$ cat target-v5.pdb   # PDB, C-alpha atoms
ATOM      1  CA  MET A1472       9.205  15.721  12.639
ATOM      2  CA  SER A1473       5.939  15.464  14.496
ATOM      3  CA  PHE A1474       3.209  13.071  15.535
ATOM      4  CA  THR A1475      -0.347  14.174  16.184
ATOM      5  CA  THR A1476      -3.771  12.714  16.699
ATOM      6  CA  THR A1477      -6.037  15.110  14.883
ATOM      7  CA  GLN A1478      -9.297  13.325  15.616
ATOM      8  CA  PRO A1479     -10.634   9.922  16.719
ATOM      9  CA  PRO A1480     -10.076   7.359  13.972
ATOM     10  CA  VAL A1481     -13.089   6.222  11.964
ATOM     11  CA  GLU A1482     -13.281   2.435  11.886
ATOM     12  CA  ARG A1483     -12.794   0.910   8.449
ATOM     13  CA  THR A1484     -14.222  -2.500   7.692
ATOM     14  CA  ALA A1485     -10.916  -3.876   6.469
ATOM     15  CA  HIS A1486      -9.361  -3.353   9.893
ATOM     16  CA  SER A1487     -12.141  -4.549  12.182
ATOM     17  CA  TYR A1488     -15.172  -6.641  11.423
ATOM     18  CA  ALA A1489     -17.863  -7.953  13.733
ATOM     19  CA  GLY A1490     -18.402 -11.687  13.925
ATOM     20  CA  SER A1491     -16.149 -14.669  13.452
ATOM     21  CA  LEU A1492     -14.461 -13.684  10.195
ATOM     22  CA  TYR A1493     -10.687 -13.526  10.264
ATOM     23  CA  ILE A1494      -9.808 -10.130   8.796
ATOM     24  CA  LEU A1495      -6.345  -9.107   7.608
ATOM     25  CA  PRO A1496      -4.062  -7.303   7.817
ATOM     26  CA  SER A1497      -4.623  -5.186  10.931
ATOM     27  CA  ASP A1498      -6.535  -7.118  13.560
ATOM     28  CA  GLU A1499      -4.964  -7.787  16.950
ATOM     29  CA  GLU A1500      -4.740 -11.549  16.425
ATOM     30  CA  GLU A1501      -2.703 -11.038  13.269
ATOM     31  CA  ARG A1502      -0.480  -8.476  14.978
ATOM     32  CA  GLN A1503       0.317 -10.910  17.794
ATOM     33  CA  ARG A1504       0.829 -13.778  15.365
ATOM     34  CA  TYR A1505       3.495 -11.818  13.502
ATOM     35  CA  ALA A1506       5.191 -10.055  16.400
ATOM     36  CA  PRO A1507       8.252 -11.579  18.097
ATOM     37  CA  PRO A1508       7.401 -12.560  21.691
ATOM     38  CA  THR A1509       9.314  -9.640  23.209
ATOM     39  CA  SER A1510       8.263  -7.040  20.634
ATOM     40  CA  THR A1511       5.414  -4.541  20.815
ATOM     41  CA  THR A1512       5.524  -4.012  17.066
ATOM     42  CA  SER A1513       5.592  -6.671  14.371
ATOM     43  CA  HIS A1514       9.021  -6.547  12.739
ATOM     44  CA  LEU A1515       7.908  -9.205  10.251
ATOM     45  CA  THR A1516       4.880  -7.127   9.303
ATOM     46  CA  LEU A1517       7.061  -4.065   8.819
ATOM     47  CA  ARG A1518       9.496  -6.087   6.712
ATOM     48  CA  ARG A1519       6.570  -7.407   4.644
ATOM     49  CA  LEU A1520       5.304  -3.876   4.064
ATOM     50  CA  LEU A1521       8.771  -2.741   3.007
ATOM     51  CA  GLY A1522       9.043  -5.656   0.581
ATOM     52  CA  GLN A1523       5.598  -4.820  -0.770
ATOM     53  CA  HIS A1524       6.672  -1.198  -1.282
ATOM     54  CA  GLN A1525       9.796  -2.291  -3.146
ATOM     55  CA  LEU A1526       7.775  -4.622  -5.362
ATOM     56  CA  TYR A1527       5.273  -1.988  -6.451
ATOM     57  CA  THR A1528       7.967   0.643  -6.892
ATOM     58  CA  ARG A1529       9.931  -1.720  -9.151
ATOM     59  CA  LEU A1530       6.806  -2.476 -11.194
ATOM     60  CA  LEU A1531       6.356   1.260 -11.776
ATOM     61  CA  SER A1532       9.956   1.624 -12.998
ATOM     62  CA  GLY A1533      11.177   3.078  -9.722
ATOM     63  CA  ARG A1534       8.754   5.998  -9.823
ATOM     64  CA  LEU A1535       7.180   7.048  -6.544
ATOM     65  CA  VAL A1536       5.509  10.077  -8.119
ATOM     66  CA  ILE A1537       3.654   9.340 -11.366
ATOM     67  CA  PRO A1538       2.017  12.636 -12.445
ATOM     68  CA  PRO A1539       4.093  15.437 -14.035
ATOM     69  CA  ILE A1540       4.588  17.660 -10.974
ATOM     70  CA  ALA A1541       7.241  20.359 -10.755
ATOM     71  CA  PHE A1542       7.738  20.566  -6.992
ATOM     72  CA  SER A1543       9.031  23.606  -5.154
ATOM     73  CA  ASP A1544      10.620  23.718  -1.710
ATOM     74  CA  LYS A1545       7.416  25.208  -0.303
ATOM     75  CA  ASP A1546       5.196  22.290  -1.317
ATOM     76  CA  ASP A1547       3.559  19.788   1.033
ATOM     77  CA  VAL A1548       2.809  16.134   0.225
ATOM     78  CA  LEU A1549       0.250  13.857   1.916
ATOM     79  CA  ASP A1550       0.456  10.047   2.100
ATOM     80  CA  ILE A1551      -2.891   8.422   2.992
ATOM     81  CA  GLY A1552      -2.768   5.018   4.702
ATOM     82  CA  THR A1553       0.909   5.480   5.430
ATOM     83  CA  GLY A1554       1.234   2.335   7.572
ATOM     84  CA  GLY A1555       4.913   1.590   8.088
ATOM     85  CA  GLY A1556       5.853   4.730   6.170
ATOM     86  CA  ALA A1557       7.778   2.977   3.377
ATOM     87  CA  TRP A1558       6.537   5.294   0.613
ATOM     88  CA  LEU A1559       6.770   8.341   2.858
ATOM     89  CA  CYS A1560      10.366   7.637   3.898
ATOM     90  CA  ASP A1561      11.395   6.835   0.314
ATOM     91  CA  ALA A1562       9.655   9.833  -1.265
ATOM     92  CA  PRO A1563      12.426  12.381  -0.506
ATOM     93  CA  THR A1564      14.544  10.720  -3.212
ATOM     94  CA  ASN A1565      11.985  12.055  -5.724
ATOM     95  CA  LEU A1566      11.318  15.429  -4.106
ATOM     96  CA  PRO A1567      13.116  18.668  -3.296
ATOM     97  CA  LYS A1568      14.894  18.566   0.037
ATOM     98  CA  PHE A1569      12.601  20.882   1.968
ATOM     99  CA  VAL A1570       9.202  19.568   0.870
ATOM    100  CA  GLN A1571       7.140  18.773   3.970
ATOM    101  CA  LEU A1572       5.785  15.207   4.065
ATOM    102  CA  TYR A1573       2.628  14.261   5.961
ATOM    103  CA  GLY A1574       1.443  10.725   6.603
ATOM    104  CA  ILE A1575      -1.885   9.631   8.041
ATOM    105  CA  ASP A1576      -3.449   6.355   9.074
ATOM    106  CA  ILE A1577      -6.334   5.275  11.278
ATOM    107  CA  GLU A1578      -3.905   3.734  13.763
ATOM    108  CA  SER A1579      -0.290   4.375  14.693
ATOM    109  CA  ARG A1580       0.820   0.788  15.418
ATOM    110  CA  LEU A1581       2.893   0.477  12.242
ATOM    111  CA  PHE A1582       4.222   4.037  12.117
ATOM    112  CA  PRO A1583       8.013   4.126  11.723
ATOM    113  CA  SER A1584      10.079   5.040  14.762
ATOM    114  CA  TYR A1585      11.095   8.639  15.261
ATOM    115  CA  THR A1586      14.734   7.713  14.642
ATOM    116  CA  ALA A1587      13.798   6.603  11.103
ATOM    117  CA  LEU A1588      12.147   9.924  10.243
ATOM    118  CA  SER A1589      13.654  13.112   8.932
ATOM    119  CA  ALA A1590      12.648  16.473  10.342
ATOM    120  CA  ASN A1591      10.280  17.206   7.456
ATOM    121  CA  VAL A1592       8.060  14.129   8.101
ATOM    122  CA  HIS A1593       4.859  14.534  10.129
ATOM    123  CA  LEU A1594       2.556  11.657  11.155
ATOM    124  CA  SER A1595      -1.071  11.885  12.242
ATOM    125  CA  VAL A1596      -3.813   9.479  13.274
ATOM    126  CA  CYS A1597      -6.984  10.393  11.408
ATOM    127  CA  SER A1598      -9.361   9.177   8.730
ATOM    128  CA  ALA A1599      -8.998   9.848   5.020
ATOM    129  CA  THR A1600     -12.750  10.451   4.889
ATOM    130  CA  ASP A1601     -12.521  13.366   7.336
ATOM    131  CA  LEU A1602      -9.196  15.169   7.044
ATOM    132  CA  PRO A1603      -8.468  18.222   9.227
ATOM    133  CA  ALA A1604     -10.407  21.320   8.184
ATOM    134  CA  TYR A1605      -7.255  23.447   8.280
ATOM    135  CA  TRP A1606      -5.671  21.312   5.544
ATOM    136  CA  SER A1607      -7.851  22.799   2.791
ATOM    137  CA  SER A1608      -5.801  23.690  -0.331
ATOM    138  CA  LYS A1609      -2.564  22.608   1.403
ATOM    139  CA  PHE A1610      -0.950  19.793  -0.602
ATOM    140  CA  ALA A1611       0.691  19.658  -4.025
ATOM    141  CA  LEU A1612       0.323  15.858  -4.080
ATOM    142  CA  VAL A1613      -1.911  13.402  -2.258
ATOM    143  CA  HIS A1614      -0.754   9.798  -2.572
ATOM    144  CA  GLN A1615      -2.771   6.700  -1.697
ATOM    145  CA  ARG A1616      -1.766   3.111  -2.387
ATOM    146  CA  LEU A1617      -3.332  -0.308  -1.872
ATOM    147  CA  LEU A1618      -6.425   0.575   0.107
ATOM    148  CA  ILE A1619      -8.348  -2.053  -1.811
ATOM    149  CA  CYS A1620     -10.770  -3.643   0.675
ATOM    150  CA  ALA A1621     -10.379  -0.660   3.010
ATOM    151  CA  TYR A1622     -13.367   1.470   1.986
ATOM    152  CA  THR A1623     -17.028   1.076   1.256
ATOM    153  CA  ARG A1624     -18.266   2.607  -1.981
ATOM    154  CA  ASP A1625     -19.415   5.690  -0.066
ATOM    155  CA  GLN A1626     -16.079   5.976   1.742
ATOM    156  CA  TRP A1627     -14.266   5.867  -1.598
ATOM    157  CA  ARG A1628     -16.283   8.872  -2.753
ATOM    158  CA  ARG A1629     -15.754  10.718   0.516
ATOM    159  CA  SER A1630     -12.020  10.075   0.559
ATOM    160  CA  ILE A1631     -11.629  11.350  -3.019
ATOM    161  CA  ASP A1632     -13.728  14.388  -2.123
ATOM    162  CA  GLU A1633     -11.321  15.023   0.757
ATOM    163  CA  MET A1634      -8.302  14.636  -1.526
ATOM    164  CA  TYR A1635      -9.777  17.276  -3.800
ATOM    165  CA  ARG A1636     -10.421  19.640  -0.875
ATOM    166  CA  VAL A1637      -6.928  19.453   0.611
ATOM    167  CA  LEU A1638      -5.090  19.788  -2.711
ATOM    168  CA  THR A1639      -3.826  23.154  -3.842
ATOM    169  CA  PRO A1640      -5.253  24.350  -7.182
ATOM    170  CA  GLY A1641      -3.151  22.535  -9.780
ATOM    171  CA  GLY A1642      -2.225  19.774  -7.308
ATOM    172  CA  TYR A1643      -2.488  16.076  -8.108
ATOM    173  CA  ALA A1644      -4.100  13.042  -6.506
ATOM    174  CA  GLN A1645      -2.257   9.757  -7.145
ATOM    175  CA  LEU A1646      -3.894   6.412  -6.374
ATOM    176  CA  ILE A1647      -2.319   2.995  -6.959
ATOM    177  CA  GLU A1648      -4.392  -0.175  -6.726
ATOM    178  CA  ILE A1649      -4.235  -3.833  -7.657
ATOM    179  CA  GLY A1650      -6.526  -5.898  -9.894
ATOM    180  CA  PRO A1651      -9.286  -6.172 -10.889
ATOM    181  CA  GLU A1652      -8.552  -9.408 -12.790
ATOM    182  CA  TRP A1653      -6.602 -12.327 -11.300
ATOM    183  CA  VAL A1654      -5.480 -14.855 -13.900
ATOM    184  CA  SER A1655      -4.257 -18.270 -12.753
ATOM    185  CA  GLY A1656      -6.253 -21.442 -12.047
ATOM    186  CA  PRO A1657      -9.585 -22.578 -10.578
ATOM    187  CA  LYS A1658      -8.667 -22.005  -6.914
ATOM    188  CA  THR A1659      -7.729 -18.395  -7.618
ATOM    189  CA  ALA A1660     -10.854 -17.835  -9.698
ATOM    190  CA  ARG A1661     -13.113 -19.296  -7.025
ATOM    191  CA  HIS A1662     -11.500 -17.331  -4.209
ATOM    192  CA  PHE A1663     -11.814 -13.969  -5.921
ATOM    193  CA  LEU A1664     -15.357 -14.681  -7.098
ATOM    194  CA  LEU A1665     -16.418 -15.409  -3.506
ATOM    195  CA  LEU A1666     -14.425 -12.472  -2.201
ATOM    196  CA  ASP A1667     -15.988 -10.080  -4.702
ATOM    197  CA  GLU A1668     -19.462 -11.265  -3.745
ATOM    198  CA  PHE A1669     -18.744 -11.151  -0.013
ATOM    199  CA  LEU A1670     -17.323  -7.625  -0.075
ATOM    200  CA  GLY A1671     -20.027  -6.439  -2.469
ATOM    201  CA  ASN A1672     -22.647  -7.480   0.066
ATOM    202  CA  LYS A1673     -20.863  -5.230   2.557
ATOM    203  CA  GLY A1674     -20.840  -2.276   0.168
ATOM    204  CA  MET A1675     -17.114  -2.633  -0.528
ATOM    205  CA  LEU A1676     -15.248  -2.617  -3.836
ATOM    206  CA  LEU A1677     -12.768  -5.397  -4.526
ATOM    207  CA  ARG A1678     -12.744  -4.165  -8.139
ATOM    208  CA  CYS A1679     -12.116  -0.563  -7.114
ATOM    209  CA  GLY A1680      -9.705  -0.085 -10.012
ATOM    210  CA  VAL A1681     -12.658  -0.191 -12.400
ATOM    211  CA  TYR A1682     -14.222   2.876 -10.792
ATOM    212  CA  ILE A1683     -11.392   5.142  -9.601
ATOM    213  CA  ALA A1684     -10.969   7.157 -12.802
ATOM    214  CA  ASP A1685     -14.702   7.877 -12.984
ATOM    215  CA  MET A1686     -14.813   8.834  -9.295
ATOM    216  CA  LEU A1687     -11.938  11.257  -9.816
ATOM    217  CA  LYS A1688     -13.714  12.874 -12.758
ATOM    218  CA  ALA A1689     -17.033  13.042 -10.887
ATOM    219  CA  THR A1690     -15.321  14.879  -8.038
ATOM    220  CA  GLY A1691     -13.975  17.533 -10.392
ATOM    221  CA  PHE A1692     -10.467  16.338 -11.225
ATOM    222  CA  ILE A1693      -9.229  17.044 -14.729
ATOM    223  CA  ASP A1694      -6.475  15.476 -16.854
ATOM    224  CA  VAL A1695      -7.343  12.112 -15.298
ATOM    225  CA  LYS A1696      -4.995   9.424 -16.579
ATOM    226  CA  SER A1697      -4.003   5.881 -15.678
ATOM    227  CA  GLU A1698      -1.119   3.515 -16.255
ATOM    228  CA  GLU A1699      -1.326  -0.259 -16.040
ATOM    229  CA  VAL A1700       1.448  -2.802 -15.558
ATOM    230  CA  VAL A1701       1.283  -6.573 -15.324
ATOM    231  CA  MET A1702       2.292  -8.106 -12.013
ATOM    232  CA  ASN A1703       3.279 -11.738 -12.380
ATOM    233  CA  LEU A1704       2.237 -14.076  -9.584
ATOM    234  CA  GLY A1705       4.355 -16.965  -8.354
ATOM    235  CA  LYS A1706       7.902 -18.206  -8.025
ATOM    236  CA  TRP A1707       8.140 -19.013 -11.740
ATOM    237  CA  ALA A1708       8.590 -15.263 -12.418
ATOM    238  CA  GLY A1709      11.635 -14.838 -10.165
ATOM    239  CA  GLU A1710      11.967 -11.568  -8.239
ATOM    240  CA  ASP A1711       9.157 -10.058 -10.296
ATOM    241  CA  GLY A1712       6.728 -12.753  -9.189
ATOM    242  CA  ALA A1713       4.612 -11.472  -6.314
ATOM    243  CA  MET A1714       4.305 -13.841  -3.399
ATOM    244  CA  ARG A1715       1.340 -14.440  -1.106
ATOM    245  CA  ASP A1716       2.497 -11.981   1.561
ATOM    246  CA  SER A1717       2.974  -9.190  -0.978
ATOM    247  CA  VAL A1718      -0.508  -9.510  -2.417
ATOM    248  CA  MET A1719      -2.986 -11.454  -0.355
ATOM    249  CA  ARG A1720      -2.130  -9.771   2.917
ATOM    250  CA  ALA A1721      -2.377  -6.391   1.231
ATOM    251  CA  GLY A1722      -6.116  -6.899   1.135
ATOM    252  CA  GLY A1723      -6.687 -10.475   2.196
ATOM    253  CA  LEU A1724     -10.247 -10.371   3.458
ATOM    254  CA  GLY A1725     -12.475 -13.359   3.017
ATOM    255  CA  GLN A1726     -15.005 -15.763   4.461
ATOM    256  CA  PHE A1727     -12.688 -17.642   6.794
ATOM    257  CA  ALA A1728     -13.596 -18.725  10.295
ATOM    258  CA  SER A1729     -10.018 -18.900  11.551
ATOM    259  CA  ALA A1730      -6.443 -17.957  10.837
ATOM    260  CA  GLU A1731      -5.695 -21.598  10.036
ATOM    261  CA  GLU A1732      -8.452 -21.753   7.435
ATOM    262  CA  PHE A1733      -7.210 -18.546   5.837
ATOM    263  CA  ASP A1734      -3.607 -19.771   5.750
ATOM    264  CA  LYS A1735      -4.640 -23.089   4.200
ATOM    265  CA  ALA A1736      -6.536 -21.343   1.414
ATOM    266  CA  MET A1737      -3.710 -18.874   0.800
ATOM    267  CA  LYS A1738      -1.160 -21.695   0.635
ATOM    268  CA  GLU A1739      -3.229 -23.475  -1.996
ATOM    269  CA  ILE A1740      -3.557 -20.301  -4.060
ATOM    270  CA  ALA A1741       0.169 -19.551  -3.758
ATOM    271  CA  GLU A1742       0.966 -23.067  -4.964
ATOM    272  CA  GLU A1743      -1.388 -22.552  -7.898
ATOM    273  CA  TRP A1744       0.452 -19.365  -8.821
ATOM    274  CA  ASP A1745       3.824 -21.102  -8.529
ATOM    275  CA  ASN A1746       2.703 -23.989 -10.751
ATOM    276  CA  ASN A1747       0.869 -21.968 -13.398
ATOM    277  CA  GLU A1748       3.290 -19.962 -15.502
ATOM    278  CA  GLY A1749       1.521 -16.854 -16.701
ATOM    279  CA  SER A1750      -0.406 -16.258 -13.482
ATOM    280  CA  HIS A1751      -0.805 -12.530 -13.128
ATOM    281  CA  THR A1752      -2.840  -9.540 -12.101
ATOM    282  CA  THR A1753      -2.421  -5.853 -12.855
ATOM    283  CA  VAL A1754      -1.280  -2.794 -10.930
ATOM    284  CA  ARG A1755      -2.953   0.453 -11.938
ATOM    285  CA  ALA A1756      -1.751   3.961 -11.162
ATOM    286  CA  PHE A1757      -4.357   6.717 -11.481
ATOM    287  CA  TYR A1758      -3.850  10.422 -11.197
ATOM    288  CA  GLY A1759      -5.873  13.581 -11.699
ATOM    289  CA  ARG A1760      -5.322  17.312 -11.289
ATOM    290  CA  LYS A1761      -7.371  19.814  -9.331
ATOM    291  CA  PRO A1762      -8.166  22.732 -11.653
ATOM    292  CA  LEU A1763      -6.414  26.065 -11.132
TER     293      LEU A1763
END

$ encode --input "target-v5.pdb" --output "structure tokens"
Amino acid sequence: MSFTTTQPPVERTAHSYAGSLYILPSDEEERQRYAPPTSTTSHLTLRRLLGQHQLYTRLLSGRLVIPPIAFSDKDDVLDIGTGGGAWLCDAPTNLPKFVQLYGIDIESRLFPSYTALSANVHLSVCSATDLPAYWSSKFALVHQRLLICAYTRDQWRRSIDEMYRVLTPGGYAQLIEIGPEWVSGPKTARHFLLLDEFLGNKGMLLRCGVYIADMLKATGFIDVKSEEVVMNLGKWAGEDGAMRDSVMRAGGLGQFASAEEFDKAMKEIAEEWDNNEGSHTTVRAFYGRKPL
């Protein structure tokens, strides 16, 4: 078990944005709003991230690893954007006991406590667009999930280039994202239309799922495949109906001047999902193999 800072983090737009926009999920105001008064870490945020992990894992039939990898005890696995470490801490159930697990993020605030980690888990603060040089050809699997609204178009290309570099020949990149279509009512349609336009003006990709397969192929990955599952939205779908905190706060950027304005809009959209049976989006899992 280890924790390192390999280099200064590179700021990503989804985490910090100049001006009056209220950006989720990682700004300081949001952290304080979710943290208990005596806590230095947001237990509610961590619980939300765990619930989000369980939701997406259930949608993918309990699979944490999608591509057909035959792991050995000498393999290493990298989790990009590890956050609270839910995928990283759950991954050993799908992997040989002695596989070494590495997690990175641009900040350590949500990293799990040392007591929650096994000895084969290693956490680092660094950027996915500039991974350590000594990691070249190191990992059998690189996993990345729900970094929608986290990268510009150029950063998407650079991060996939870095995945390719740090994978061993024959290793796989696995990326899981949400969208691009959101089917419900007029409030949902309007919100995502404005959001797509707003982020597009900033060079970002709300509809990143449309481009990931092509970016993998352009980088040199082969055997690129994808799986798509429907994610129902709203209380009408029971435990399989994603709620606001599982979806909107996963990438809830937007043109809001305050937290109150954001919450009001999200409440209206959540109510629309609850009242419109059939509201849904999609979850897409992509993977590609680095040639031998």

$ closest_residue --input "target-v5.pdb" --among "A:Thr1690, A:Ser1595, A:Ser1543, A:Thr1623" --to "Arg1678 in chain A" --atoms "only C-alpha atoms"
A:Thr1623

$ residues_around --input "target-v5.pdb" --residues "Leu1670 in chain A" --least-positions-apart "6" --cutoff "8 Å" --atoms "all atoms listed in the file" --output "list in words"
Cys1620, Leu1676 and Leu1677 of chain A

$ closest_residue --input "target-v5.pdb" --among "A:Arg1616, A:Gln1525, A:Leu1588, A:Ser1607" --to "Thr1553 in chain A" --atoms "only C-alpha atoms"
A:Arg1616

$ closest_residue --input "target-v5.pdb" --among "A:Leu1612, A:Ile1537, A:Leu1664, A:Val1681" --to "Tyr1643 in chain A" --atoms "all atoms listed in the file"
A:Leu1612

$ atom_distance --input "target-v5.pdb" --atom1 "CA of Leu1572 in chain A" --atom2 "CA of Val1700 in chain A"
27.0 Å

$ resolve_selection --input "target-v5.pdb" --expression "the PyMOL selection byres ((chain A and resi 1597-1606) around 12)" --output "PyMOL selection string"
chain A and resi 1474-1483+1547-1553+1573-1579+1594-1596+1607-1611+1613-1615+1618+1621-1639

$ residues_around --input "target-v5.pdb" --residues "Glu1748 in chain A" --least-positions-apart "2" --cutoff "12 Å" --atoms "all atoms listed in the file" --output "PyMOL selection string"
chain A and resi 1654-1656+1703-1709+1712+1742-1746+1750-1751

$ resolve_selection --input "target-v5.pdb" --expression "the PyMOL selection byres ((chain A and resi 1649) around 6)" --output "ChimeraX atom specification"
/A:1648,1650,1753-1754

$ decode --input "target-v5.pdb" --residues "range 1694-1712 of chain A" --atoms "N, CA and C atoms" --output "mmCIF file, in the first residue's frame"
data_model
loop_
_atom_site.group_PDB
_atom_site.id
_atom_site.type_symbol
_atom_site.label_atom_id
_atom_site.label_comp_id
_atom_site.auth_asym_id
_atom_site.auth_seq_id
_atom_site.Cartn_x
_atom_site.Cartn_y
_atom_site.Cartn_z
ATOM 1 N N ASP A 1694 -8.908 -4.528 -32.054
ATOM 2 C CA ASP A 1694 -10.011 -5.277 -31.428
ATOM 3 C C ASP A 1694 -10.880 -4.357 -30.567
ATOM 4 N N VAL A 1695 -11.135 -3.160 -31.075
ATOM 5 C CA VAL A 1695 -11.944 -2.189 -30.330
ATOM 6 C C VAL A 1695 -13.405 -2.612 -30.372
ATOM 7 N N LYS A 1696 -14.006 -2.737 -29.217
ATOM 8 C CA LYS A 1696 -15.403 -3.162 -29.117
ATOM 9 C C LYS A 1696 -16.127 -2.290 -28.088
ATOM 10 N N SER A 1697 -17.444 -2.346 -28.134
ATOM 11 C CA SER A 1697 -18.247 -1.607 -27.159
ATOM 12 C C SER A 1697 -19.496 -2.389 -26.804
ATOM 13 N N GLU A 1698 -19.968 -2.175 -25.604
ATOM 14 C CA GLU A 1698 -21.237 -2.720 -25.141
ATOM 15 C C GLU A 1698 -22.095 -1.567 -24.650
ATOM 16 N N GLU A 1699 -23.384 -1.672 -24.852
ATOM 17 C CA GLU A 1699 -24.303 -0.609 -24.450
ATOM 18 C C GLU A 1699 -25.459 -1.196 -23.657
ATOM 19 N N VAL A 1700 -25.774 -0.578 -22.534
ATOM 20 C CA VAL A 1700 -26.926 -0.985 -21.734
ATOM 21 C C VAL A 1700 -27.784 0.239 -21.443
ATOM 22 N N VAL A 1701 -29.057 0.026 -21.321
ATOM 23 C CA VAL A 1701 -29.991 1.107 -21.002
ATOM 24 C C VAL A 1701 -29.990 1.346 -19.500
ATOM 25 N N MET A 1702 -29.886 2.610 -19.110
ATOM 26 C CA MET A 1702 -30.012 2.976 -17.711
ATOM 27 C C MET A 1702 -31.292 3.791 -17.542
ATOM 28 N N ASN A 1703 -32.274 3.193 -16.875
ATOM 29 C CA ASN A 1703 -33.519 3.889 -16.627
ATOM 30 C C ASN A 1703 -33.305 5.020 -15.633
ATOM 31 N N LEU A 1704 -34.102 6.076 -15.789
ATOM 32 C CA LEU A 1704 -33.963 7.268 -14.967
ATOM 33 C C LEU A 1704 -35.261 7.529 -14.215
ATOM 34 N N GLY A 1705 -35.199 7.569 -12.896
ATOM 35 C CA GLY A 1705 -36.375 7.916 -12.119
ATOM 36 C C GLY A 1705 -36.846 6.826 -11.181
ATOM 37 N N LYS A 1706 -37.661 7.210 -10.232
ATOM 38 C CA LYS A 1706 -38.148 6.292 -9.213
ATOM 39 C C LYS A 1706 -39.055 5.213 -9.783
ATOM 40 N N TRP A 1707 -39.690 5.483 -10.918
ATOM 41 C CA TRP A 1707 -40.612 4.504 -11.502
ATOM 42 C C TRP A 1707 -39.919 3.169 -11.796
ATOM 43 N N ALA A 1708 -38.573 3.197 -11.972
ATOM 44 C CA ALA A 1708 -37.841 1.987 -12.344
ATOM 45 C C ALA A 1708 -37.291 1.233 -11.147
ATOM 46 N N GLY A 1709 -37.649 1.635 -9.930
ATOM 47 C CA GLY A 1709 -37.182 0.935 -8.741
ATOM 48 C C GLY A 1709 -35.690 1.096 -8.540
ATOM 49 N N GLU A 1710 -35.013 0.045 -8.058
ATOM 50 C CA GLU A 1710 -33.587 0.153 -7.756
ATOM 51 C C GLU A 1710 -32.740 0.337 -9.000
ATOM 52 N N ASP A 1711 -33.301 0.020 -10.172
ATOM 53 C CA ASP A 1711 -32.563 0.202 -11.411
ATOM 54 C C ASP A 1711 -32.779 1.582 -12.017
ATOM 55 N N GLY A 1712 -33.540 2.425 -11.337
ATOM 56 C CA GLY A 1712 -33.753 3.779 -11.827
ATOM 57 C C GLY A 1712 -32.756 4.734 -11.208
#
